[in-house]
Amino acid sequence: MLNAFIWLLLLCIAMLVASFVAGCIPLATKLSESKLNILTSVSVGLLISTSLVVIIPEGVETLYNKMQLNQPNVANHTAVGIALLVGFALMFMIDQVSSMHIHPSSTKDTEPSTTHQEIQSVTPTIGLIVHAAADGIALGASVTDPQLSMVVFFAIMLHKAPSAFALTTVLLSEGLSRTRVRHHLLMFSISAPAGAISTYLLLQLFYDQFDALNLVYWTGILLLFSGGTFLYVAMHSIQELPHKKYVDWTQLGAIVLGMMIPFVLNMNHSH
């Protein structure tokens, strides 16, 4: 049996490599505007479906499997709602504050489009970093339980690559340079391993204080919090799609296709 820390390092390396490589796929080829619009629509569908089909159900299942024997269901329902709401509300506040800080930097005659571009790019990047860090914390908290850590790891991996792909595509569609997109992607890829390793080290340093906590319960709460942040990012991304006066069936079909991908991947995910 591998040492828990070595096991965690291997999982973190797998997460880092998978997310960075997946995010680099849209950067590897020069995309026309029409192809980029289609990829952006697919990515929006990926974000929506990943939050609703993968992350939130995984958090609910983790929470209920641990608590159903010794806690009333009402408490579970309340915990699910609060965790989702806190994650969503945190991202809403970050979005509002970041927009307020960026907006005053523009003047009447200086590059308003650049300022708007920066505002648009902040929310998906920060949102996915917060979400990935919460994923990492959940993994770091669960690593001492091999079975639970594998459940959390597979739940993370199911949406890690699609999330990185979606982030890169959305940032490219907003006009960011490929170098800046790589920087955003690297921050996103590092955030989950950093959260996991930091959480594990904290748990080891303060083992006596954390020993009384129900780590499985809090792992479920963290996954739900992560789902709330992800849901906001998905909502924000769909608002950024170009609005047209007619039904764009290509865009609509691309979004639905993106929604189906996590659903199909999750069908084979069993515990």
# chains A, B, ... in the order shown; residues from 1 in each chain; ligands from 1
>>> residues_around(residues="Val86 of chain A", least_positions_apart="2", cutoff="10 Å", atoms="only C-alpha atoms", output="MDAnalysis selection string")
chainID A and resid 81:84 88:92 224:226 228:229
>>> residues_around(residues="segment 260-263 of chain A", least_positions_apart="3", cutoff="7 Å", atoms="only C-alpha atoms", output="list in words")
Leu46, Ser49, Thr50, Val53, Val256, Leu257, Asn266 and Met267 of chain A
>>> closest_residue(among="A:Gln96, A:Ser19, A:Thr62, A:Thr40", to="Gly258 of chain A", atoms="only C-alpha atoms")
A:Thr40
>>> residues_around(residues="segment 134-143 of chain A", least_positions_apart="3", cutoff="10 Å", atoms="only C-alpha atoms", output="PyMOL selection string")
chain A and resi 4-5+7-8+11-12+15+55+59+87+128-131+146-153+155-156+160+190-203+215-216+218-227+229
>>> closest_residue(among="A:Leu39, A:Ile94, A:Ile25, A:Val54", to="Leu185 of chain A", atoms="only C-alpha atoms")
A:Ile25
>>> closest_residue(among="A:Met187, A:Ser163, A:Ala18, A:Arg182", to="Ala234 of chain A", atoms="only C-alpha atoms")
A:Ser163
>>> atom_distance(atom1="atom CA of Leu63 of chain A", atom2="atom CA of Val80 of chain A")
8.3 Å
>>> closest_residue(among="A:Val60, A:Met259, A:Ile6, A:Leu186", to="His159 of chain A", atoms="only C-alpha atoms")
A:Met259
